[in-house]
Amino acid sequence: MTDTLLRIGASFAALMADYRAAQSQLSALQHEADRTAAEAGLVYGSSAWSAHRFAVTGRTVHHVNGLYEKLEDLAQAIAAIRATCFAGLLIKARAHQFAGNPGAIIHEIEALAEAGNQQAA
């Protein structure tokens with residue numbers, strides 16, 4: 001299981017880097033869309049403003065959402081694998097943090113510590 005966790009963890013880390021880069025690109029595009037909409041006299045929140053913003057950012061929004069869905073799938077896969085080493089715990093902690101449940105790793109740490117204590121005894 002450790003090899004699987006490490007492999008999926010590496011995929012998760014690479015995808016997370018792509019996701020963060022795409023989020024940065026989206027933020028820049030949103031800023032640009034807002035600036036050009038204001039220059040064109042479009043009222044914030046109007047249908048014309050929304051159409052303009054989507055025209056500028058739509059493709060990137062879909063890309064960011066797709067990456068997020070893939071990250072969710074990987075985080076679920078990671079959660080199902082038992083960590084047997086500290087590297088595995090780190091991978092699981094990052095996945096739990098991404099999923100919005102950073103405290104879930106505590107149970108994993110306790111289980112690994114208990115297994116280590118049983119081996120030492």
# chains A, B, ... in the order shown; residues from 1 in each chain; ligands from 1
>>> select_by_dssp(residues="region 15-111 of chain A", states="alpha helix (DSSP H)", output="PyMOL selection string")
chain A and resi 15-39+47-79+86-98+105-111
>>> write_last_selection(atoms="C-alpha atoms", output="PDB file, in the first residue's frame")
ATOM      1  CA  LEU A  15      -2.088  18.230  -9.787  1.00  0.00           C
ATOM      2  CA  MET A  16      -2.167  20.616  -6.821  1.00  0.00           C
ATOM      3  CA  ALA A  17       0.657  22.635  -8.390  1.00  0.00           C
ATOM      4  CA  ASP A  18      -1.292  22.787 -11.666  1.00  0.00           C
ATOM      5  CA  TYR A  19      -4.429  23.798  -9.759  1.00  0.00           C
ATOM      6  CA  ARG A  20      -2.665  26.628  -7.937  1.00  0.00           C
ATOM      7  CA  ALA A  21      -1.165  27.901 -11.187  1.00  0.00           C
ATOM      8  CA  ALA A  22      -4.572  27.781 -12.866  1.00  0.00           C
ATOM      9  CA  GLN A  23      -6.132  29.631  -9.922  1.00  0.00           C
ATOM     10  CA  SER A  24      -3.489  32.357 -10.248  1.00  0.00           C
ATOM     11  CA  GLN A  25      -4.166  32.620 -13.956  1.00  0.00           C
ATOM     12  CA  LEU A  26      -7.907  32.821 -13.270  1.00  0.00           C
ATOM     13  CA  SER A  27      -7.399  35.563 -10.717  1.00  0.00           C
ATOM     14  CA  ALA A  28      -5.386  37.593 -13.214  1.00  0.00           C
ATOM     15  CA  LEU A  29      -8.029  37.070 -15.895  1.00  0.00           C
ATOM     16  CA  GLN A  30     -10.811  38.107 -13.519  1.00  0.00           C
ATOM     17  CA  HIS A  31      -8.920  41.283 -12.685  1.00  0.00           C
ATOM     18  CA  GLU A  32      -8.394  41.990 -16.378  1.00  0.00           C
ATOM     19  CA  ALA A  33     -12.053  41.293 -17.169  1.00  0.00           C
ATOM     20  CA  ASP A  34     -13.196  43.629 -14.408  1.00  0.00           C
ATOM     21  CA  ARG A  35     -10.823  46.337 -15.580  1.00  0.00           C
ATOM     22  CA  THR A  36     -11.909  46.115 -19.223  1.00  0.00           C
ATOM     23  CA  ALA A  37     -15.589  45.926 -18.215  1.00  0.00           C
ATOM     24  CA  ALA A  38     -15.210  49.116 -16.176  1.00  0.00           C
ATOM     25  CA  GLU A  39     -13.434  50.810 -19.071  1.00  0.00           C
ATOM     26  CA  SER A  47     -25.842  40.696 -17.553  1.00  0.00           C
ATOM     27  CA  ALA A  48     -23.476  42.506 -19.944  1.00  0.00           C
ATOM     28  CA  TRP A  49     -20.771  42.552 -17.284  1.00  0.00           C
ATOM     29  CA  SER A  50     -21.340  38.842 -16.567  1.00  0.00           C
ATOM     30  CA  ALA A  51     -21.220  37.956 -20.260  1.00  0.00           C
ATOM     31  CA  HIS A  52     -17.983  39.910 -20.663  1.00  0.00           C
ATOM     32  CA  ARG A  53     -16.407  38.306 -17.614  1.00  0.00           C
ATOM     33  CA  PHE A  54     -17.380  34.823 -18.765  1.00  0.00           C
ATOM     34  CA  ALA A  55     -16.012  35.525 -22.243  1.00  0.00           C
ATOM     35  CA  VAL A  56     -12.674  36.431 -20.705  1.00  0.00           C
ATOM     36  CA  THR A  57     -12.499  33.800 -17.944  1.00  0.00           C
ATOM     37  CA  GLY A  58     -14.865  30.984 -18.962  1.00  0.00           C
ATOM     38  CA  ARG A  59     -12.342  28.547 -20.376  1.00  0.00           C
ATOM     39  CA  THR A  60     -10.042  28.976 -17.374  1.00  0.00           C
ATOM     40  CA  VAL A  61     -12.949  28.597 -14.936  1.00  0.00           C
ATOM     41  CA  HIS A  62     -13.810  25.256 -16.549  1.00  0.00           C
ATOM     42  CA  HIS A  63     -10.154  24.219 -16.385  1.00  0.00           C
ATOM     43  CA  VAL A  64      -9.877  25.136 -12.687  1.00  0.00           C
ATOM     44  CA  ASN A  65     -13.111  23.285 -11.908  1.00  0.00           C
ATOM     45  CA  GLY A  66     -11.882  20.208 -13.774  1.00  0.00           C
ATOM     46  CA  LEU A  67      -8.625  20.198 -11.832  1.00  0.00           C
ATOM     47  CA  TYR A  68     -10.547  20.603  -8.580  1.00  0.00           C
ATOM     48  CA  GLU A  69     -12.725  17.588  -9.388  1.00  0.00           C
ATOM     49  CA  LYS A  70      -9.633  15.497 -10.131  1.00  0.00           C
ATOM     50  CA  LEU A  71      -8.091  16.627  -6.835  1.00  0.00           C
ATOM     51  CA  GLU A  72     -11.266  15.622  -4.993  1.00  0.00           C
ATOM     52  CA  ASP A  73     -11.110  12.167  -6.570  1.00  0.00           C
ATOM     53  CA  LEU A  74      -7.455  11.746  -5.633  1.00  0.00           C
ATOM     54  CA  ALA A  75      -8.095  13.001  -2.088  1.00  0.00           C
ATOM     55  CA  GLN A  76     -10.819  10.354  -1.688  1.00  0.00           C
ATOM     56  CA  ALA A  77      -8.497   7.668  -3.036  1.00  0.00           C
ATOM     57  CA  ILE A  78      -5.758   8.772  -0.648  1.00  0.00           C
ATOM     58  CA  ALA A  79      -8.152   8.759   2.310  1.00  0.00           C
ATOM     59  CA  PHE A  86       5.482   9.255   7.991  1.00  0.00           C
ATOM     60  CA  ALA A  87       5.729  10.106   4.282  1.00  0.00           C
ATOM     61  CA  GLY A  88       2.322   8.494   3.848  1.00  0.00           C
ATOM     62  CA  LEU A  89       0.951  10.515   6.756  1.00  0.00           C
ATOM     63  CA  LEU A  90       2.162  13.708   5.129  1.00  0.00           C
ATOM     64  CA  ILE A  91       0.425  12.803   1.870  1.00  0.00           C
ATOM     65  CA  LYS A  92      -2.764  11.973   3.733  1.00  0.00           C
ATOM     66  CA  ALA A  93      -2.555  15.198   5.758  1.00  0.00           C
ATOM     67  CA  ARG A  94      -2.343  17.256   2.577  1.00  0.00           C
ATOM     68  CA  ALA A  95      -5.300  15.401   1.069  1.00  0.00           C
ATOM     69  CA  HIS A  96      -7.360  15.871   4.244  1.00  0.00           C
ATOM     70  CA  GLN A  97      -6.447  19.555   4.303  1.00  0.00           C
ATOM     71  CA  PHE A  98      -7.525  19.942   0.688  1.00  0.00           C
ATOM     72  CA  ILE A 105      -5.261  12.952  10.094  1.00  0.00           C
ATOM     73  CA  ILE A 106      -5.182  12.642  13.885  1.00  0.00           C
ATOM     74  CA  HIS A 107      -6.750   9.186  13.736  1.00  0.00           C
ATOM     75  CA  GLU A 108      -4.146   8.144  11.151  1.00  0.00           C
ATOM     76  CA  ILE A 109      -1.304   9.385  13.352  1.00  0.00           C
ATOM     77  CA  GLU A 110      -2.690   7.542  16.362  1.00  0.00           C
ATOM     78  CA  ALA A 111      -3.034   4.310  14.378  1.00  0.00           C
TER      79      ALA A 111
END
>>> atom_distance(atom1="CA of Ile8 (chain A)", atom2="CA of Asn117 (chain A)")
27.3 Å
>>> atom_distance(atom1="CA of Leu6 (chain A)", atom2="CA of Gly100 (chain A)")
21.0 Å
>>> decode(residues="region 72-113 of chain A", atoms="N, CA and C atoms", output="tab-separated table (two decimals), in the first residue's frame")
chain	number	residue	atom	x	y	z
A	72	GLU	N	-10.31	16.26	-5.91
A	72	GLU	CA	-11.27	15.62	-4.99
A	72	GLU	C	-11.22	14.11	-5.12
A	73	ASP	N	-11.18	13.61	-6.35
A	73	ASP	CA	-11.11	12.17	-6.57
A	73	ASP	C	-9.84	11.57	-5.97
A	74	LEU	N	-8.72	12.24	-6.19
A	74	LEU	CA	-7.46	11.75	-5.63
A	74	LEU	C	-7.46	11.81	-4.10
A	75	ALA	N	-8.03	12.88	-3.55
A	75	ALA	CA	-8.10	13.00	-2.09
A	75	ALA	C	-8.92	11.86	-1.50
A	76	GLN	N	-10.00	11.48	-2.16
A	76	GLN	CA	-10.82	10.35	-1.69
A	76	GLN	C	-10.04	9.05	-1.79
A	77	ALA	N	-9.30	8.88	-2.88
A	77	ALA	CA	-8.50	7.67	-3.04
A	77	ALA	C	-7.42	7.60	-1.96
A	78	ILE	N	-6.80	8.71	-1.67
A	78	ILE	CA	-5.76	8.77	-0.65
A	78	ILE	C	-6.34	8.45	0.72
A	79	ALA	N	-7.52	8.99	1.01
A	79	ALA	CA	-8.15	8.76	2.31
A	79	ALA	C	-8.41	7.28	2.57
A	80	ALA	N	-8.63	6.52	1.52
A	80	ALA	CA	-8.95	5.10	1.67
A	80	ALA	C	-7.72	4.22	1.91
A	81	ILE	N	-6.54	4.77	1.73
A	81	ILE	CA	-5.31	3.99	1.87
A	81	ILE	C	-4.71	4.23	3.25
A	82	ARG	N	-4.35	3.15	3.91
A	82	ARG	CA	-3.76	3.25	5.24
A	82	ARG	C	-2.29	3.65	5.13
A	83	ALA	N	-1.91	4.64	5.90
A	83	ALA	CA	-0.52	5.09	5.93
A	83	ALA	C	0.29	4.16	6.81
A	84	THR	N	1.47	3.79	6.34
A	84	THR	CA	2.35	2.91	7.12
A	84	THR	C	3.69	3.57	7.43
A	85	CYS	N	3.82	4.84	7.03
A	85	CYS	CA	5.07	5.56	7.28
A	85	CYS	C	4.74	7.05	7.38
A	86	PHE	N	5.71	7.82	7.82
A	86	PHE	CA	5.48	9.26	7.99
A	86	PHE	C	5.28	9.97	6.65
A	87	ALA	N	5.94	9.51	5.60
A	87	ALA	CA	5.73	10.11	4.28
A	87	ALA	C	4.27	9.92	3.86
A	88	GLY	N	3.73	8.76	4.14
A	88	GLY	CA	2.32	8.49	3.85
A	88	GLY	C	1.40	9.39	4.66
A	89	LEU	N	1.75	9.61	5.92
A	89	LEU	CA	0.95	10.52	6.76
A	89	LEU	C	0.95	11.93	6.19
A	90	LEU	N	2.08	12.37	5.70
A	90	LEU	CA	2.16	13.71	5.13
A	90	LEU	C	1.26	13.83	3.90
A	91	ILE	N	1.29	12.82	3.06
A	91	ILE	CA	0.43	12.80	1.87
A	91	ILE	C	-1.03	12.84	2.30
A	92	LYS	N	-1.38	12.02	3.26
A	92	LYS	CA	-2.76	11.97	3.73
A	92	LYS	C	-3.17	13.29	4.39
A	93	ALA	N	-2.26	13.91	5.12
A	93	ALA	CA	-2.56	15.20	5.76
A	93	ALA	C	-2.86	16.27	4.71
A	94	ARG	N	-2.10	16.28	3.64
A	94	ARG	CA	-2.34	17.26	2.58
A	94	ARG	C	-3.69	17.00	1.89
A	95	ALA	N	-4.01	15.73	1.69
A	95	ALA	CA	-5.30	15.40	1.07
A	95	ALA	C	-6.46	15.77	1.99
A	96	HIS	N	-6.31	15.50	3.28
A	96	HIS	CA	-7.36	15.87	4.24
A	96	HIS	C	-7.51	17.39	4.31
A	97	GLN	N	-6.39	18.10	4.27
A	97	GLN	CA	-6.45	19.56	4.30
A	97	GLN	C	-7.17	20.08	3.07
A	98	PHE	N	-6.85	19.53	1.91
A	98	PHE	CA	-7.52	19.94	0.69
A	98	PHE	C	-9.03	19.69	0.79
A	99	ALA	N	-9.40	18.56	1.37
A	99	ALA	CA	-10.82	18.20	1.49
A	99	ALA	C	-11.53	19.00	2.57
A	100	GLY	N	-10.79	19.84	3.29
A	100	GLY	CA	-11.41	20.68	4.32
A	100	GLY	C	-11.59	19.98	5.65
A	101	ASN	N	-10.84	18.90	5.85
A	101	ASN	CA	-10.95	18.15	7.09
A	101	ASN	C	-9.56	17.82	7.64
A	102	PRO	N	-8.79	18.86	7.98
A	102	PRO	CA	-7.41	18.60	8.41
A	102	PRO	C	-7.30	17.78	9.69
A	103	GLY	N	-8.32	17.81	10.54
A	103	GLY	CA	-8.27	17.04	11.78
A	103	GLY	C	-8.39	15.55	11.58
A	104	ALA	N	-8.81	15.12	10.39
A	104	ALA	CA	-8.99	13.69	10.13
A	104	ALA	C	-7.66	12.93	10.21
A	105	ILE	N	-6.56	13.62	10.07
A	105	ILE	CA	-5.26	12.95	10.09
A	105	ILE	C	-4.89	12.47	11.49
A	106	ILE	N	-5.52	13.03	12.51
A	106	ILE	CA	-5.18	12.64	13.88
A	106	ILE	C	-5.39	11.15	14.11
A	107	HIS	N	-6.48	10.62	13.61
A	107	HIS	CA	-6.75	9.19	13.74
A	107	HIS	C	-5.65	8.36	13.05
A	108	GLU	N	-5.21	8.84	11.90
A	108	GLU	CA	-4.15	8.14	11.15
A	108	GLU	C	-2.83	8.16	11.93
A	109	ILE	N	-2.53	9.28	12.56
A	109	ILE	CA	-1.30	9.39	13.35
A	109	ILE	C	-1.37	8.44	14.55
A	110	GLU	N	-2.51	8.43	15.21
A	110	GLU	CA	-2.69	7.54	16.36
A	110	GLU	C	-2.54	6.08	15.96
A	111	ALA	N	-3.12	5.70	14.84
A	111	ALA	CA	-3.03	4.31	14.38
A	111	ALA	C	-1.59	3.93	14.04
A	112	LEU	N	-0.87	4.83	13.40
A	112	LEU	CA	0.53	4.55	13.06
A	112	LEU	C	1.38	4.47	14.31
A	113	ALA	N	1.12	5.37	15.28
A	113	ALA	CA	1.87	5.34	16.55
A	113	ALA	C	1.58	4.04	17.30
